[in-house]
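Asker: Starting off with a structure, shown below.
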Amino acid sequence: MAVGAVDIFCGVGGLTCGLQKAGLKVAAGIDSDLSCDYAFSYNNNSLFIGSSIERVTSREVIRLLKGYDIKILVGCAPCQPFSKYQKNKQKRSDHKDWRLLYEFARMVRDVKPDIVSMENVPQLKNEQVFTDFLKTLTDEHYFVDYRVVQSADYGVPQMRRRLILLASKKKPIRIIGKTHDKYKTVRDVIFGLPKIGAGEDNHTDRLHVAYGLSEKNLERIKHSKPGGSWRDWPENLILDCHKKKSGNTYQSVYGRLSWDKISSTITTQFTCYGTGRFGHPEQDRALTLREGALLQTFPISYSFVPENKEVVKKVIARHIGNALPPRLGEVIGISILKHLNIN
């Protein structure tokens with residue numbers, strides 16, 4: 001039985017990488033960010049279609065899935081409109097990506113895949129757009145299951161709660177139970193990498209590169225304790241905003257990770273010391289691109305930029321931070337194969 005998928009909003013291929021590791025073939029990925037083309041297609045041997053989903057016709061997707069006995073549509077719509085970090089919560093619906101889930105629903109109605117999977121931030125389930133997406137699935141006679149999972153329960157070394165939806169035309173479907181009682185830690189994942197300082201890089205791994213730090217931030221990180229906060233600093237290093245009541249609760253910014261705990265959520269800004277708990281557990285710097293990719297569970301062999309191209313740190317950090325961790329994609333793939341009774 002031939003099983004094939006199309007990955008909408010594929011990015012650099014975190015979900016596709018995981019699905020294919022589980023044993024599912026991903027025929028193509030679709031994303032409007034053309035800078036994702038190389039990493040997606042090179043690592044996954046899959047077609048990259050550089051286009052907004054709004055301009056992709058259902059006929060094109062049907063053609064991509066032609067010849068497969070089981071047709072699957074998967075996608076992780078951009079989470080920015082729904083994230084708890086979205087500052088203007090009153091105007092979420094004004095965000096340029098708000099309506100992309102409706103485009104996903106359009107594809108479901110027209111393509112009528114056998115199985116649908118969607119992943120996003122937990123806050124999405126409180127939004128009307130999600131309610132409308134569920135209605136599309138039920139109107140199309142899918143069995144639907146969705147739940148918020150802790151990614152660390154499945155071997156992702158991060159505190160990363162995600163909403164996972166699975167739907168099937170055939171019978172009830174759900175994500176498999178947790179696979180890890182003992183969480184993978186930061187030590188398990190990045191301990192053996194070469195030591196580098198702030199502003200330095202590693203000559204054998206172009207992604208093992210760290211941003212520089214100002215003199216004051218270098219002093220701050222030297223006073224930061226693993227798992228601690230800016231409260232550990234001398235008074236002269238504490239920022240004025242943290243002395244105010246409004247900034248007093250932001251304990252993770254300018255923080256260090258702990259070797260023997262899971263990482264905080266890897267965001268698009270994980271290479272910046274001041275944007276979260278992204279300080280290295282013992283080296284006086286923020287995480288490198290390589291460390292972020294490994295904490296996201298990308299294989300160390302995953303190539304994000306051609307050898308003859310410059311490593312643009314901000315772009316690659318965005319690619320890595322926006323991705324679904326491949327391990328979570330693998331779990332989704334295993335869940336689908338179990339549902340189909342395919343080992």
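Quick note on naming: the chains in the structure tokens go A, B, ... in the order shown, residues restart at 1 in each chain, and ligands are numbered from 1 in order of appearance.
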Applying 9 Å and only C-alpha atoms, which residues near Leu101 (chain A) remain after dropping the ones on its own chain fewer than 2 positions away? List them as a PDB file with N, CA and C atoms, in the first residue's frame.
Answerer:
ATOM      1  N   ALA A  77       0.610  25.499  10.267  1.00  0.00           N
ATOM      2  CA  ALA A  77       0.387  26.892   9.883  1.00  0.00           C
ATOM      3  C   ALA A  77       1.187  27.811  10.800  1.00  0.00           C
ATOM      4  N   PRO A  78       1.717  28.929  10.282  1.00  0.00           N
ATOM      5  CA  PRO A  78       2.480  29.851  11.129  1.00  0.00           C
ATOM      6  C   PRO A  78       1.741  30.170  12.418  1.00  0.00           C
ATOM      7  N   ASP A  97      -0.982  36.242   8.725  1.00  0.00           N
ATOM      8  CA  ASP A  97      -1.063  34.783   8.642  1.00  0.00           C
ATOM      9  C   ASP A  97      -2.336  34.212   9.262  1.00  0.00           C
ATOM     10  N   TRP A  98      -3.218  35.080   9.759  1.00  0.00           N
ATOM     11  CA  TRP A  98      -4.404  34.622  10.471  1.00  0.00           C
ATOM     12  C   TRP A  98      -5.256  33.657   9.646  1.00  0.00           C
ATOM     13  N   ARG A  99      -5.449  33.966   8.386  1.00  0.00           N
ATOM     14  CA  ARG A  99      -6.395  33.221   7.561  1.00  0.00           C
ATOM     15  C   ARG A  99      -5.797  31.981   6.887  1.00  0.00           C
ATOM     16  N   GLU A 103      -7.202  28.449   4.501  1.00  0.00           N
ATOM     17  CA  GLU A 103      -6.693  27.898   3.248  1.00  0.00           C
ATOM     18  C   GLU A 103      -6.422  26.402   3.391  1.00  0.00           C
ATOM     19  N   PHE A 104      -5.936  26.006   4.558  1.00  0.00           N
ATOM     20  CA  PHE A 104      -5.739  24.583   4.844  1.00  0.00           C
ATOM     21  C   PHE A 104      -7.096  23.868   4.770  1.00  0.00           C
ATOM     22  N   ALA A 105      -8.117  24.479   5.344  1.00  0.00           N
ATOM     23  CA  ALA A 105      -9.458  23.893   5.314  1.00  0.00           C
ATOM     24  C   ALA A 105      -9.969  23.771   3.879  1.00  0.00           C
ATOM     25  N   ARG A 106      -9.670  24.783   3.059  1.00  0.00           N
ATOM     26  CA  ARG A 106     -10.058  24.720   1.651  1.00  0.00           C
ATOM     27  C   ARG A 106      -9.436  23.505   0.971  1.00  0.00           C
ATOM     28  N   VAL A 129     -10.992  30.562  14.374  1.00  0.00           N
ATOM     29  CA  VAL A 129     -10.463  29.937  13.169  1.00  0.00           C
ATOM     30  C   VAL A 129     -10.262  28.430  13.386  1.00  0.00           C
ATOM     31  N   PHE A 130      -9.913  28.032  14.599  1.00  0.00           N
ATOM     32  CA  PHE A 130      -9.754  26.609  14.894  1.00  0.00           C
ATOM     33  C   PHE A 130     -11.115  25.915  14.965  1.00  0.00           C
ATOM     34  N   PHE A 133     -12.120  25.323  11.538  1.00  0.00           N
ATOM     35  CA  PHE A 133     -11.342  24.234  10.941  1.00  0.00           C
ATOM     36  C   PHE A 133     -11.921  22.883  11.369  1.00  0.00           C
TER      37      PHE A 133
END
Asker: Find the spatial neighbours of Leu64 (chain A), counting only C-alpha atoms, within a cut-off of 12 Å - ignore same-chain residues fewer than 6 positions away - and output them as a PyMOL selection string.
Answerer: chain A and resi 4-7+25-30+46-49+56-58+71-73+111+113
Asker: Nearest residue to Gly279 (chain A) out of A:Tyr302, A:Phe9, A:Trp230, A:Tyr68, using only C-alpha atoms?
Answerer: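 Result for the nearest residue to Gly279 (chain A): A:Trp230.
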Asker: So how far away is CA of Cys76 (chain A) from CA of Glu54 (chain A), in Å?
Answerer: 14.9 Å
Asker: Which of these, A:Cys17, A:Gly11, A:Gly321, A:His208, has the shortest distance to Cys36 (chain A) once you count only C-alpha atoms?
Answerer: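 Closest candidate: A:Gly11.
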Asker: Residues within 8 Å of Cys272 (chain A), please, as an NGL selection string. Count only C-alpha atoms; anything in the same chain fewer than 6 positions from it doesn't count.
Answerer: :A and (211 or 278 or 286-287)
Asker: Write the residues you've just listed into a file as a PDB file, in the first residue's frame, and include all heavy atoms for each of them.
Answerer:
ATOM      1  N   TYR A 211      26.869  34.515  18.507  1.00  0.00           N
ATOM      2  CA  TYR A 211      26.875  35.977  18.449  1.00  0.00           C
ATOM      3  C   TYR A 211      27.812  36.540  19.524  1.00  0.00           C
ATOM      4  O   TYR A 211      27.992  35.948  20.595  1.00  0.00           O
ATOM      5  CB  TYR A 211      25.471  36.524  18.705  1.00  0.00           C
ATOM      6  CG  TYR A 211      24.589  36.605  17.483  1.00  0.00           C
ATOM      7  CD1 TYR A 211      23.510  35.743  17.312  1.00  0.00           C
ATOM      8  CD2 TYR A 211      24.825  37.566  16.499  1.00  0.00           C
ATOM      9  CE1 TYR A 211      22.690  35.820  16.186  1.00  0.00           C
ATOM     10  CE2 TYR A 211      24.012  37.657  15.380  1.00  0.00           C
ATOM     11  CZ  TYR A 211      22.951  36.778  15.231  1.00  0.00           C
ATOM     12  OH  TYR A 211      22.150  36.871  14.122  1.00  0.00           O
ATOM     13  N   PHE A 278      18.490  31.405  26.990  1.00  0.00           N
ATOM     14  CA  PHE A 278      19.275  30.859  25.886  1.00  0.00           C
ATOM     15  C   PHE A 278      20.774  30.947  26.131  1.00  0.00           C
ATOM     16  O   PHE A 278      21.564  30.746  25.200  1.00  0.00           O
ATOM     17  CB  PHE A 278      18.916  31.585  24.587  1.00  0.00           C
ATOM     18  CG  PHE A 278      17.471  31.423  24.183  1.00  0.00           C
ATOM     19  CD1 PHE A 278      16.702  32.523  23.804  1.00  0.00           C
ATOM     20  CD2 PHE A 278      16.867  30.172  24.185  1.00  0.00           C
ATOM     21  CE1 PHE A 278      15.375  32.381  23.429  1.00  0.00           C
ATOM     22  CE2 PHE A 278      15.534  30.015  23.817  1.00  0.00           C
ATOM     23  CZ  PHE A 278      14.780  31.116  23.443  1.00  0.00           C
ATOM     24  N   ALA A 286      25.511  32.897  24.183  1.00  0.00           N
ATOM     25  CA  ALA A 286      24.209  32.304  23.870  1.00  0.00           C
ATOM     26  C   ALA A 286      24.419  31.028  23.057  1.00  0.00           C
ATOM     27  O   ALA A 286      25.537  30.695  22.661  1.00  0.00           O
ATOM     28  CB  ALA A 286      23.361  33.296  23.086  1.00  0.00           C
ATOM     29  N   LEU A 287      23.339  30.315  22.813  1.00  0.00           N
ATOM     30  CA  LEU A 287      23.407  29.097  22.016  1.00  0.00           C
ATOM     31  C   LEU A 287      23.877  29.386  20.594  1.00  0.00           C
ATOM     32  O   LEU A 287      23.633  30.456  20.048  1.00  0.00           O
ATOM     33  CB  LEU A 287      22.027  28.437  21.946  1.00  0.00           C
ATOM     34  CG  LEU A 287      21.462  27.867  23.250  1.00  0.00           C
ATOM     35  CD1 LEU A 287      20.012  27.443  23.033  1.00  0.00           C
ATOM     36  CD2 LEU A 287      22.301  26.682  23.738  1.00  0.00           C
TER      37      LEU A 287
END
